[in-house]
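Visitor: Below you'll find run34.cif; it's mmCIF, N, CA and C atoms.
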```cif
data_my_file
loop_
_atom_site.label_atom_id
_atom_site.label_comp_id
_atom_site.auth_asym_id
_atom_site.auth_seq_id
_atom_site.Cartn_x
_atom_site.Cartn_y
_atom_site.Cartn_z
N MET A 29 83.76 -7.57 40.03
CA MET A 29 83.08 -7.03 38.87
C MET A 29 82.97 -5.52 39.02
N LYS A 30 83.43 -4.81 37.99
CA LYS A 30 83.40 -3.35 38.01
C LYS A 30 82.04 -2.87 37.51
N ILE A 31 81.47 -1.93 38.23
CA ILE A 31 80.18 -1.37 37.86
C ILE A 31 80.42 -0.16 36.97
N ASN A 32 79.74 -0.12 35.83
CA ASN A 32 79.91 0.97 34.88
C ASN A 32 78.88 2.06 35.17
N LYS A 33 79.37 3.27 35.38
CA LYS A 33 78.50 4.41 35.74
C LYS A 33 77.46 4.69 34.66
N GLN A 34 77.84 4.62 33.39
CA GLN A 34 76.89 4.93 32.32
C GLN A 34 75.78 3.89 32.23
N ILE A 35 76.11 2.63 32.41
CA ILE A 35 75.07 1.59 32.37
C ILE A 35 74.13 1.75 33.57
N LEU A 36 74.67 2.10 34.72
CA LEU A 36 73.81 2.38 35.87
C LEU A 36 72.88 3.56 35.60
N GLN A 37 73.41 4.61 34.97
CA GLN A 37 72.57 5.77 34.64
C GLN A 37 71.47 5.38 33.65
N ILE A 38 71.82 4.59 32.66
CA ILE A 38 70.82 4.17 31.68
C ILE A 38 69.73 3.34 32.36
N ASN A 39 70.13 2.41 33.23
CA ASN A 39 69.13 1.60 33.93
C ASN A 39 68.30 2.44 34.89
N ARG A 40 68.90 3.43 35.52
CA ARG A 40 68.13 4.35 36.37
C ARG A 40 67.11 5.09 35.51
N ASN A 41 67.55 5.55 34.34
CA ASN A 41 66.64 6.25 33.45
C ASN A 41 65.53 5.33 32.94
N PHE A 42 65.87 4.06 32.66
CA PHE A 42 64.84 3.09 32.27
C PHE A 42 63.77 3.01 33.35
N LEU A 43 64.21 2.91 34.60
CA LEU A 43 63.25 2.77 35.70
C LEU A 43 62.38 4.01 35.88
N ILE A 44 62.98 5.18 35.77
CA ILE A 44 62.21 6.43 35.87
C ILE A 44 61.17 6.47 34.75
N CYS A 45 61.61 6.20 33.53
CA CYS A 45 60.70 6.21 32.38
C CYS A 45 59.63 5.14 32.51
N PHE A 46 60.03 3.98 33.02
CA PHE A 46 59.09 2.88 33.21
C PHE A 46 57.95 3.30 34.15
N VAL A 47 58.30 3.88 35.28
CA VAL A 47 57.27 4.26 36.26
C VAL A 47 56.29 5.26 35.66
N ILE A 48 56.82 6.27 35.00
CA ILE A 48 55.95 7.29 34.42
C ILE A 48 55.13 6.73 33.27
N SER A 49 55.80 6.06 32.34
CA SER A 49 55.12 5.52 31.16
C SER A 49 54.11 4.44 31.53
N ALA A 50 54.50 3.54 32.44
CA ALA A 50 53.58 2.46 32.84
C ALA A 50 52.34 3.02 33.52
N SER A 51 52.53 4.01 34.35
CA SER A 51 51.38 4.63 35.05
C SER A 51 50.43 5.29 34.07
N LEU A 52 50.99 6.10 33.17
CA LEU A 52 50.14 6.78 32.19
C LEU A 52 49.53 5.80 31.20
N SER A 53 50.28 4.77 30.80
CA SER A 53 49.74 3.76 29.89
C SER A 53 48.58 3.00 30.52
N ALA A 54 48.69 2.71 31.79
CA ALA A 54 47.61 2.00 32.48
C ALA A 54 46.34 2.86 32.52
N ILE A 55 46.52 4.15 32.74
CA ILE A 55 45.36 5.07 32.73
C ILE A 55 44.75 5.14 31.34
N ILE A 56 45.60 5.23 30.33
CA ILE A 56 45.12 5.27 28.94
C ILE A 56 44.39 3.99 28.60
N ALA A 57 44.93 2.85 29.01
CA ALA A 57 44.27 1.55 28.74
C ALA A 57 42.88 1.53 29.35
N GLU A 58 42.77 2.06 30.54
CA GLU A 58 41.46 2.09 31.20
C GLU A 58 40.51 3.03 30.46
N LEU A 59 41.02 4.16 30.01
CA LEU A 59 40.18 5.10 29.26
C LEU A 59 39.72 4.51 27.92
N LEU A 60 40.52 3.63 27.36
CA LEU A 60 40.20 3.01 26.08
C LEU A 60 39.49 1.67 26.25
N SER A 61 39.00 1.38 27.44
CA SER A 61 38.42 0.06 27.71
C SER A 61 37.18 -0.24 26.87
N ASN A 62 36.53 0.77 26.32
CA ASN A 62 35.36 0.53 25.48
C ASN A 62 35.72 0.21 24.04
N TYR A 63 36.98 0.35 23.69
CA TYR A 63 37.45 0.02 22.35
C TYR A 63 37.72 -1.48 22.26
N GLU A 64 37.84 -1.97 21.04
CA GLU A 64 38.21 -3.37 20.85
C GLU A 64 39.61 -3.58 21.42
N ASN A 65 39.86 -4.80 21.88
CA ASN A 65 41.13 -5.09 22.57
C ASN A 65 42.36 -4.81 21.72
N HIS A 66 42.32 -5.14 20.44
CA HIS A 66 43.49 -4.88 19.61
C HIS A 66 43.76 -3.38 19.45
N LEU A 67 42.71 -2.56 19.41
CA LEU A 67 42.90 -1.11 19.33
C LEU A 67 43.42 -0.55 20.65
N ASN A 68 42.85 -1.02 21.74
CA ASN A 68 43.31 -0.58 23.06
C ASN A 68 44.79 -0.89 23.22
N THR A 69 45.17 -2.11 22.86
CA THR A 69 46.56 -2.54 22.98
C THR A 69 47.48 -1.67 22.13
N THR A 70 47.14 -1.50 20.88
CA THR A 70 47.99 -0.76 19.95
C THR A 70 48.11 0.72 20.33
N ILE A 71 47.01 1.36 20.62
CA ILE A 71 47.03 2.79 20.97
C ILE A 71 47.76 3.01 22.28
N THR A 72 47.50 2.18 23.26
CA THR A 72 48.16 2.32 24.56
C THR A 72 49.68 2.18 24.43
N ILE A 73 50.12 1.18 23.67
CA ILE A 73 51.56 0.98 23.49
C ILE A 73 52.17 2.14 22.72
N ALA A 74 51.51 2.63 21.70
CA ALA A 74 52.03 3.76 20.92
C ALA A 74 52.19 5.01 21.79
N ILE A 75 51.19 5.31 22.58
CA ILE A 75 51.28 6.47 23.47
C ILE A 75 52.37 6.25 24.52
N GLY A 76 52.48 5.04 25.03
CA GLY A 76 53.54 4.71 25.98
C GLY A 76 54.92 4.94 25.41
N TYR A 77 55.10 4.61 24.13
CA TYR A 77 56.39 4.85 23.45
C TYR A 77 56.73 6.33 23.42
N VAL A 78 55.78 7.14 23.05
CA VAL A 78 56.02 8.58 22.97
C VAL A 78 56.42 9.12 24.34
N ILE A 79 55.72 8.72 25.37
CA ILE A 79 56.03 9.16 26.73
C ILE A 79 57.41 8.66 27.15
N TYR A 80 57.65 7.37 26.97
CA TYR A 80 58.89 6.74 27.41
C TYR A 80 60.11 7.38 26.75
N PHE A 81 60.09 7.44 25.41
CA PHE A 81 61.27 7.94 24.72
C PHE A 81 61.42 9.45 24.82
N GLY A 82 60.34 10.16 25.01
CA GLY A 82 60.45 11.59 25.26
C GLY A 82 61.20 11.87 26.55
N ILE A 83 60.81 11.17 27.59
CA ILE A 83 61.46 11.34 28.89
C ILE A 83 62.88 10.78 28.86
N PHE A 84 63.06 9.60 28.27
CA PHE A 84 64.39 8.99 28.22
C PHE A 84 65.37 9.88 27.47
N SER A 85 64.96 10.44 26.35
CA SER A 85 65.85 11.31 25.57
C SER A 85 66.33 12.49 26.39
N PHE A 86 65.41 13.11 27.12
CA PHE A 86 65.78 14.24 27.98
C PHE A 86 66.77 13.80 29.06
N LEU A 87 66.48 12.70 29.74
CA LEU A 87 67.35 12.23 30.82
C LEU A 87 68.73 11.82 30.29
N PHE A 88 68.76 11.14 29.14
CA PHE A 88 70.04 10.72 28.57
C PHE A 88 70.88 11.94 28.20
N TYR A 89 70.25 12.92 27.57
CA TYR A 89 70.97 14.16 27.21
C TYR A 89 71.50 14.85 28.47
N TYR A 90 70.64 14.98 29.47
CA TYR A 90 71.03 15.66 30.71
C TYR A 90 72.21 14.95 31.39
N ASP A 91 72.19 13.63 31.41
CA ASP A 91 73.26 12.86 32.05
C ASP A 91 74.57 12.90 31.29
N ASN A 92 74.53 13.07 29.98
CA ASN A 92 75.73 12.88 29.16
C ASN A 92 76.23 14.14 28.45
N ARG A 93 75.59 15.26 28.63
CA ARG A 93 75.98 16.45 27.86
C ARG A 93 77.42 16.87 28.12
N LYS A 94 77.87 16.86 29.35
CA LYS A 94 79.25 17.26 29.66
C LYS A 94 80.23 16.18 29.23
N ARG A 95 79.85 14.94 29.40
CA ARG A 95 80.71 13.82 29.02
C ARG A 95 80.99 13.83 27.53
N TYR A 96 79.96 14.07 26.71
CA TYR A 96 80.14 14.07 25.27
C TYR A 96 80.93 15.28 24.79
N GLN A 97 80.92 16.37 25.53
CA GLN A 97 81.73 17.54 25.15
C GLN A 97 83.22 17.23 25.23
N ARG A 98 83.61 16.32 26.12
CA ARG A 98 85.02 15.97 26.30
C ARG A 98 85.49 14.83 25.40
N MET A 99 84.55 14.14 24.74
CA MET A 99 84.89 12.94 23.99
C MET A 99 85.27 13.23 22.54
N ASN A 100 86.08 12.34 22.01
CA ASN A 100 86.45 12.32 20.61
C ASN A 100 85.21 12.00 19.77
N GLY A 101 85.06 12.68 18.63
CA GLY A 101 83.89 12.49 17.77
C GLY A 101 83.69 11.06 17.31
N GLN A 102 84.78 10.36 16.99
CA GLN A 102 84.68 8.96 16.54
C GLN A 102 84.17 8.06 17.66
N LEU A 103 84.60 8.32 18.87
CA LEU A 103 84.16 7.52 20.01
C LEU A 103 82.68 7.77 20.30
N ILE A 104 82.25 9.02 20.17
CA ILE A 104 80.82 9.34 20.35
C ILE A 104 80.00 8.59 19.31
N LYS A 105 80.43 8.63 18.06
CA LYS A 105 79.71 7.94 16.98
C LYS A 105 79.60 6.44 17.26
N LYS A 106 80.71 5.83 17.65
CA LYS A 106 80.70 4.39 17.96
C LYS A 106 79.76 4.09 19.12
N GLU A 107 79.81 4.92 20.15
CA GLU A 107 78.96 4.71 21.32
C GLU A 107 77.48 4.85 20.96
N VAL A 108 77.14 5.87 20.19
CA VAL A 108 75.74 6.08 19.81
C VAL A 108 75.24 4.92 18.95
N ILE A 109 76.06 4.44 18.02
CA ILE A 109 75.67 3.30 17.19
C ILE A 109 75.43 2.07 18.07
N ASN A 110 76.30 1.82 19.03
CA ASN A 110 76.11 0.68 19.94
C ASN A 110 74.85 0.84 20.79
N ILE A 111 74.59 2.05 21.25
CA ILE A 111 73.39 2.29 22.06
C ILE A 111 72.14 2.04 21.23
N VAL A 112 72.10 2.61 20.04
CA VAL A 112 70.93 2.43 19.17
C VAL A 112 70.75 0.96 18.82
N SER A 113 71.83 0.25 18.54
CA SER A 113 71.75 -1.18 18.24
C SER A 113 71.21 -1.97 19.43
N SER A 114 71.71 -1.66 20.60
CA SER A 114 71.26 -2.35 21.82
C SER A 114 69.79 -2.07 22.08
N PHE A 115 69.40 -0.81 21.93
CA PHE A 115 68.00 -0.46 22.14
C PHE A 115 67.12 -1.15 21.11
N GLY A 116 67.61 -1.26 19.88
CA GLY A 116 66.85 -1.94 18.84
C GLY A 116 66.58 -3.39 19.19
N MET A 117 67.60 -4.07 19.69
CA MET A 117 67.42 -5.46 20.10
C MET A 117 66.43 -5.54 21.27
N GLY A 118 66.55 -4.62 22.21
CA GLY A 118 65.62 -4.58 23.33
C GLY A 118 64.19 -4.32 22.88
N GLU A 119 64.04 -3.43 21.89
CA GLU A 119 62.70 -3.09 21.40
C GLU A 119 62.03 -4.27 20.70
N ILE A 120 62.81 -5.06 20.00
CA ILE A 120 62.26 -6.25 19.35
C ILE A 120 61.66 -7.17 20.42
N ALA A 121 62.42 -7.40 21.48
CA ALA A 121 61.92 -8.24 22.57
C ALA A 121 60.74 -7.59 23.27
N TYR A 122 60.86 -6.29 23.54
CA TYR A 122 59.79 -5.56 24.24
C TYR A 122 58.46 -5.71 23.50
N LEU A 123 58.46 -5.38 22.21
CA LEU A 123 57.22 -5.48 21.45
C LEU A 123 56.75 -6.91 21.28
N GLY A 124 57.70 -7.82 21.15
CA GLY A 124 57.35 -9.24 21.03
C GLY A 124 56.70 -9.80 22.28
N ILE A 125 56.93 -9.15 23.40
CA ILE A 125 56.31 -9.57 24.66
C ILE A 125 55.11 -8.68 25.00
N ARG A 126 55.29 -7.37 24.88
CA ARG A 126 54.27 -6.41 25.34
C ARG A 126 52.94 -6.55 24.62
N TRP A 127 52.96 -6.52 23.30
CA TRP A 127 51.69 -6.54 22.57
C TRP A 127 50.91 -7.83 22.83
N PRO A 128 51.52 -9.01 22.65
CA PRO A 128 50.73 -10.23 22.86
C PRO A 128 50.26 -10.42 24.30
N THR A 129 51.11 -10.06 25.28
CA THR A 129 50.68 -10.27 26.67
C THR A 129 49.56 -9.31 27.04
N PHE A 130 49.69 -8.05 26.64
CA PHE A 130 48.65 -7.07 26.93
C PHE A 130 47.34 -7.49 26.28
N TYR A 131 47.39 -7.85 25.01
CA TYR A 131 46.20 -8.28 24.29
C TYR A 131 45.58 -9.52 24.95
N TYR A 132 46.42 -10.48 25.29
CA TYR A 132 45.93 -11.71 25.93
C TYR A 132 45.25 -11.40 27.26
N PHE A 133 45.86 -10.55 28.07
CA PHE A 133 45.26 -10.20 29.35
C PHE A 133 43.91 -9.51 29.17
N LEU A 134 43.79 -8.67 28.15
CA LEU A 134 42.49 -8.05 27.88
C LEU A 134 41.47 -9.09 27.42
N GLU A 135 41.92 -10.04 26.61
CA GLU A 135 41.02 -11.09 26.11
C GLU A 135 40.49 -11.98 27.22
N ILE A 136 41.30 -12.22 28.25
CA ILE A 136 40.82 -13.08 29.35
C ILE A 136 40.14 -12.24 30.45
N LYS A 137 39.82 -11.01 30.10
CA LYS A 137 38.99 -10.12 30.92
C LYS A 137 39.69 -9.58 32.17
N ILE A 138 41.00 -9.45 32.12
CA ILE A 138 41.69 -8.73 33.20
C ILE A 138 41.44 -7.26 32.95
N GLU A 139 41.20 -6.51 34.00
CA GLU A 139 40.95 -5.07 33.88
C GLU A 139 42.06 -4.41 33.08
N PRO A 140 41.73 -3.50 32.18
CA PRO A 140 42.75 -2.86 31.34
C PRO A 140 43.91 -2.22 32.11
N PHE A 141 43.60 -1.58 33.21
CA PHE A 141 44.65 -0.94 34.02
C PHE A 141 45.67 -1.99 34.48
N ALA A 142 45.18 -3.08 35.04
CA ALA A 142 46.06 -4.15 35.53
C ALA A 142 46.75 -4.87 34.38
N ALA A 143 46.02 -5.12 33.29
CA ALA A 143 46.60 -5.80 32.14
C ALA A 143 47.78 -5.01 31.58
N SER A 144 47.61 -3.71 31.50
CA SER A 144 48.69 -2.86 31.00
C SER A 144 49.89 -2.89 31.93
N LEU A 145 49.65 -2.75 33.22
CA LEU A 145 50.77 -2.76 34.17
C LEU A 145 51.52 -4.09 34.17
N ILE A 146 50.79 -5.18 34.18
CA ILE A 146 51.44 -6.50 34.23
C ILE A 146 52.28 -6.73 32.97
N SER A 147 51.71 -6.46 31.81
CA SER A 147 52.47 -6.69 30.58
C SER A 147 53.64 -5.71 30.47
N GLU A 148 53.49 -4.51 31.00
CA GLU A 148 54.59 -3.53 30.99
C GLU A 148 55.74 -3.99 31.89
N ILE A 149 55.42 -4.53 33.03
CA ILE A 149 56.45 -5.03 33.95
C ILE A 149 57.24 -6.16 33.30
N ILE A 150 56.53 -7.10 32.71
CA ILE A 150 57.19 -8.25 32.08
C ILE A 150 58.07 -7.79 30.92
N SER A 151 57.52 -6.99 30.03
CA SER A 151 58.26 -6.60 28.83
C SER A 151 59.40 -5.63 29.13
N THR A 152 59.21 -4.73 30.08
CA THR A 152 60.29 -3.80 30.43
C THR A 152 61.43 -4.53 31.13
N GLY A 153 61.11 -5.51 31.93
CA GLY A 153 62.16 -6.32 32.56
C GLY A 153 63.03 -6.99 31.52
N ALA A 154 62.40 -7.60 30.52
CA ALA A 154 63.15 -8.25 29.44
C ALA A 154 63.96 -7.21 28.66
N TYR A 155 63.36 -6.07 28.39
CA TYR A 155 64.04 -4.99 27.66
C TYR A 155 65.30 -4.54 28.39
N MET A 156 65.19 -4.29 29.69
CA MET A 156 66.33 -3.83 30.47
C MET A 156 67.46 -4.85 30.47
N VAL A 157 67.12 -6.11 30.64
CA VAL A 157 68.14 -7.16 30.66
C VAL A 157 68.84 -7.24 29.31
N ILE A 158 68.08 -7.24 28.23
CA ILE A 158 68.67 -7.37 26.90
C ILE A 158 69.56 -6.17 26.57
N VAL A 159 69.08 -4.97 26.82
CA VAL A 159 69.88 -3.77 26.52
C VAL A 159 71.17 -3.78 27.34
N THR A 160 71.08 -4.10 28.62
CA THR A 160 72.27 -4.13 29.47
C THR A 160 73.27 -5.16 28.98
N ILE A 161 72.79 -6.36 28.63
CA ILE A 161 73.69 -7.41 28.13
C ILE A 161 74.38 -6.96 26.85
N PHE A 162 73.63 -6.36 25.92
CA PHE A 162 74.22 -5.91 24.67
C PHE A 162 75.20 -4.76 24.89
N LEU A 163 74.87 -3.82 25.77
CA LEU A 163 75.78 -2.70 26.03
C LEU A 163 77.09 -3.20 26.63
N LYS A 164 76.99 -4.14 27.57
CA LYS A 164 78.20 -4.70 28.17
C LYS A 164 78.97 -5.55 27.17
N GLY A 165 78.25 -6.37 26.41
CA GLY A 165 78.89 -7.25 25.44
C GLY A 165 79.63 -6.49 24.35
N MET A 166 79.10 -5.35 23.94
CA MET A 166 79.76 -4.56 22.92
C MET A 166 80.77 -3.57 23.51
N LYS A 167 80.92 -3.64 24.84
CA LYS A 167 81.85 -2.73 25.53
C LYS A 167 81.62 -1.28 25.10
N THR A 168 80.35 -0.89 25.18
CA THR A 168 79.93 0.42 24.69
C THR A 168 80.54 1.56 25.50
N PHE A 169 80.53 1.44 26.80
CA PHE A 169 81.01 2.53 27.64
C PHE A 169 82.36 2.19 28.22
N LYS A 170 83.32 3.00 27.88
CA LYS A 170 84.66 2.84 28.43
C LYS A 170 84.93 4.04 29.30
N GLU A 171 85.68 3.80 30.36
CA GLU A 171 86.03 4.90 31.26
C GLU A 171 86.84 5.94 30.50
N GLN A 172 86.44 7.18 30.65
CA GLN A 172 87.12 8.28 29.97
C GLN A 172 88.05 8.99 30.95
N PRO A 173 89.25 9.36 30.49
CA PRO A 173 90.12 10.13 31.37
C PRO A 173 89.54 11.53 31.58
N ASN A 174 89.76 12.07 32.77
CA ASN A 174 89.23 13.41 33.08
C ASN A 174 90.07 14.50 32.55
#
```
Take the structure in this file and express it as structure tokens.

Guide:
Amino acid sequence: MKINKQILQINRNFLICFVISASLSAIIAELLSNYENHLNTTITIAIGYVIYFGIFSFLFYYDNRKRYQRMNGQLIKKEVINIVSSFGMGEIAYLGIRWPTFYYFLEIKIEPFAASLISEIISTGAYMVIVTIFLKGMKTFKEQPN
């Protein structure tokens, strides 16, 4: 099985973003512990999104800026559409898991910090698997000649 460098970079970036976003989201959840559980859940996830995608966008740009300079415009367009589609599928699963699990953990009186971390681990794991499967299935990244 051949390992694709771009998929490895994306998964590395997922993990970097996960660590930072999960840590800050857990702190935010704890700070919002006096709010109702549905508000804590919603606000924490929204702030986590801003952190996650802000960092991911920077890392993705940094990793691919030279690669995209060498690529044909049509190939870049196809690749970006596949990436956005894959991320969209991952986001559906992420939110479908993250919000209910985080809310449930708060409802059963798990500390907000731990509830946020646990639900983030579960949902990010599913997200990473789904995005990777879709990227590979759509053959998004092809080796480019130098």

Visitor: What is the distance, in Å and to one decimal place, between atom C of Phe86 of chain A and atom N of Gly101 of chain A?

Guide: 21.1 Å

Visitor: Where does the PyMOL selection byres (((chain A and resi 62-71 and name CA) around 8) and name CA) land in this file, that is, which residues does it pick, as a VMD selection string?

Guide: chain A and resid 57 59 to 61 72 to 75 127 130 to 131 134 to 135

Visitor: Measuring between all atoms listed in the file, which one of A:Ile136, A:Ile150, A:Met166, A:Ala143 shows the shortest distance to Ala54 of chain A?

Guide: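 The shortest atom-to-atom distance to Ala54 of chain A comes from A:Ala143.
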
Visitor: With distances taken over only N, CA and C atoms, which residue among A:Thr129, A:Leu163, A:Phe141, A:Gln102 lies nearest Ile56 of chain A?

Guide: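 Of A:Thr129, A:Leu163, A:Phe141, A:Gln102, the one nearest Ile56 of chain A, counting only N, CA and C atoms, is A:Phe141.
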
Visitor: Residues near Phe115 of chain A, anyone? I mean within 8 Å using all atoms listed in the file, not counting same-chain ones fewer than 4 positions away, as a list in words.

Guide: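 The residues that qualify are Ile109, Asn110, Ile111, Glu119, Ile120, Ala121, Tyr155, Ile158, Val159, Thr160, Phe162 and Leu163 of chain A.
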
Visitor: From the list A:Cys45, A:Ile55, A:Arg126, A:Ile35, which residue is nearest Ala142 of chain A when using all atoms listed in the file?

Guide: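 The closest residue to Ala142 of chain A is A:Ile55.
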
Visitor: In Å, how far is it from atom CA of Tyr77 of chain A to atom CA of Ser53 of chain A?

Guide: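 Those two atoms sit 9.3 Å apart.
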
Visitor: Could you go through chain A and tell me which residues DSSP, when run on the backbone, assigns to alpha helix (DSSP H), listing them as a ChimeraX atom specification?

Guide: /A:33-59,65-98,101-135,140-165

Visitor: Using Å and a single decimal, report how far atom C of Val108 of chain A sits from atom C of Phe42 of chain A.

Guide: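 Calculated distance between atom C of Phe42 of chain A and atom C of Val108 of chain A is 18.5 Å.
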
Visitor: Name the residues within 7 Å of (84.0, -0.3, 21.7), counting all atoms listed in the file in the file's coordinates, and put them as a PDB file with N, CA and C atoms, keeping the file's coordinate frame.

Guide:
```
ATOM      1  N   LYS A 106      80.710   5.830  17.650  1.00  0.00           N
ATOM      2  CA  LYS A 106      80.700   4.390  17.960  1.00  0.00           C
ATOM      3  C   LYS A 106      79.760   4.090  19.120  1.00  0.00           C
ATOM      4  N   GLU A 107      79.810   4.920  20.150  1.00  0.00           N
ATOM      5  CA  GLU A 107      78.960   4.710  21.320  1.00  0.00           C
ATOM      6  C   GLU A 107      77.480   4.850  20.960  1.00  0.00           C
ATOM      7  N   MET A 166      79.100  -5.350  23.940  1.00  0.00           N
ATOM      8  CA  MET A 166      79.760  -4.560  22.920  1.00  0.00           C
ATOM      9  C   MET A 166      80.770  -3.570  23.510  1.00  0.00           C
ATOM     10  N   LYS A 167      80.920  -3.640  24.840  1.00  0.00           N
ATOM     11  CA  LYS A 167      81.850  -2.730  25.530  1.00  0.00           C
ATOM     12  C   LYS A 167      81.620  -1.280  25.100  1.00  0.00           C
ATOM     13  N   THR A 168      80.350  -0.890  25.180  1.00  0.00           N
ATOM     14  CA  THR A 168      79.930   0.420  24.690  1.00  0.00           C
ATOM     15  C   THR A 168      80.540   1.560  25.500  1.00  0.00           C
ATOM     16  N   PHE A 169      80.530   1.440  26.800  1.00  0.00           N
ATOM     17  CA  PHE A 169      81.010   2.530  27.640  1.00  0.00           C
ATOM     18  C   PHE A 169      82.360   2.190  28.220  1.00  0.00           C
TER      19      PHE A 169
END
```

Visitor: Could you pull segment 111-137 of chain A out of the structure just shown and give C-alpha atoms as a CSV table (one decimal), in the first residue's frame?

Guide:
```
chain,number,residue,atom,x,y,z
A,111,ILE,CA,-11.3,18.3,-0.3
A,112,VAL,CA,-14.3,20.5,0.5
A,113,SER,CA,-16.6,17.6,-0.3
A,114,SER,CA,-14.7,15.3,1.9
A,115,PHE,CA,-14.5,17.8,4.7
A,116,GLY,CA,-18.3,18.4,4.4
A,117,MET,CA,-19.0,14.7,4.8
A,118,GLY,CA,-16.6,14.6,7.8
A,119,GLU,CA,-18.3,17.7,9.3
A,120,ILE,CA,-21.8,16.1,9.1
A,121,ALA,CA,-20.5,13.1,11.1
A,122,TYR,CA,-18.5,15.4,13.5
A,123,LEU,CA,-21.5,17.5,14.4
A,124,GLY,CA,-23.8,14.5,14.5
A,125,ILE,CA,-21.5,13.0,17.2
A,126,ARG,CA,-20.0,16.0,18.9
A,127,TRP,CA,-23.1,18.0,19.9
A,128,PRO,CA,-25.2,15.1,21.3
A,129,THR,CA,-22.3,13.4,23.1
A,130,PHE,CA,-21.0,16.6,24.7
A,131,TYR,CA,-24.6,17.6,25.7
A,132,TYR,CA,-25.2,14.1,27.1
A,133,PHE,CA,-22.0,14.1,29.1
A,134,LEU,CA,-23.0,17.5,30.6
A,135,GLU,CA,-26.5,16.2,31.4
A,136,ILE,CA,-25.1,13.2,33.3
A,137,LYS,CA,-22.9,15.6,35.3
```
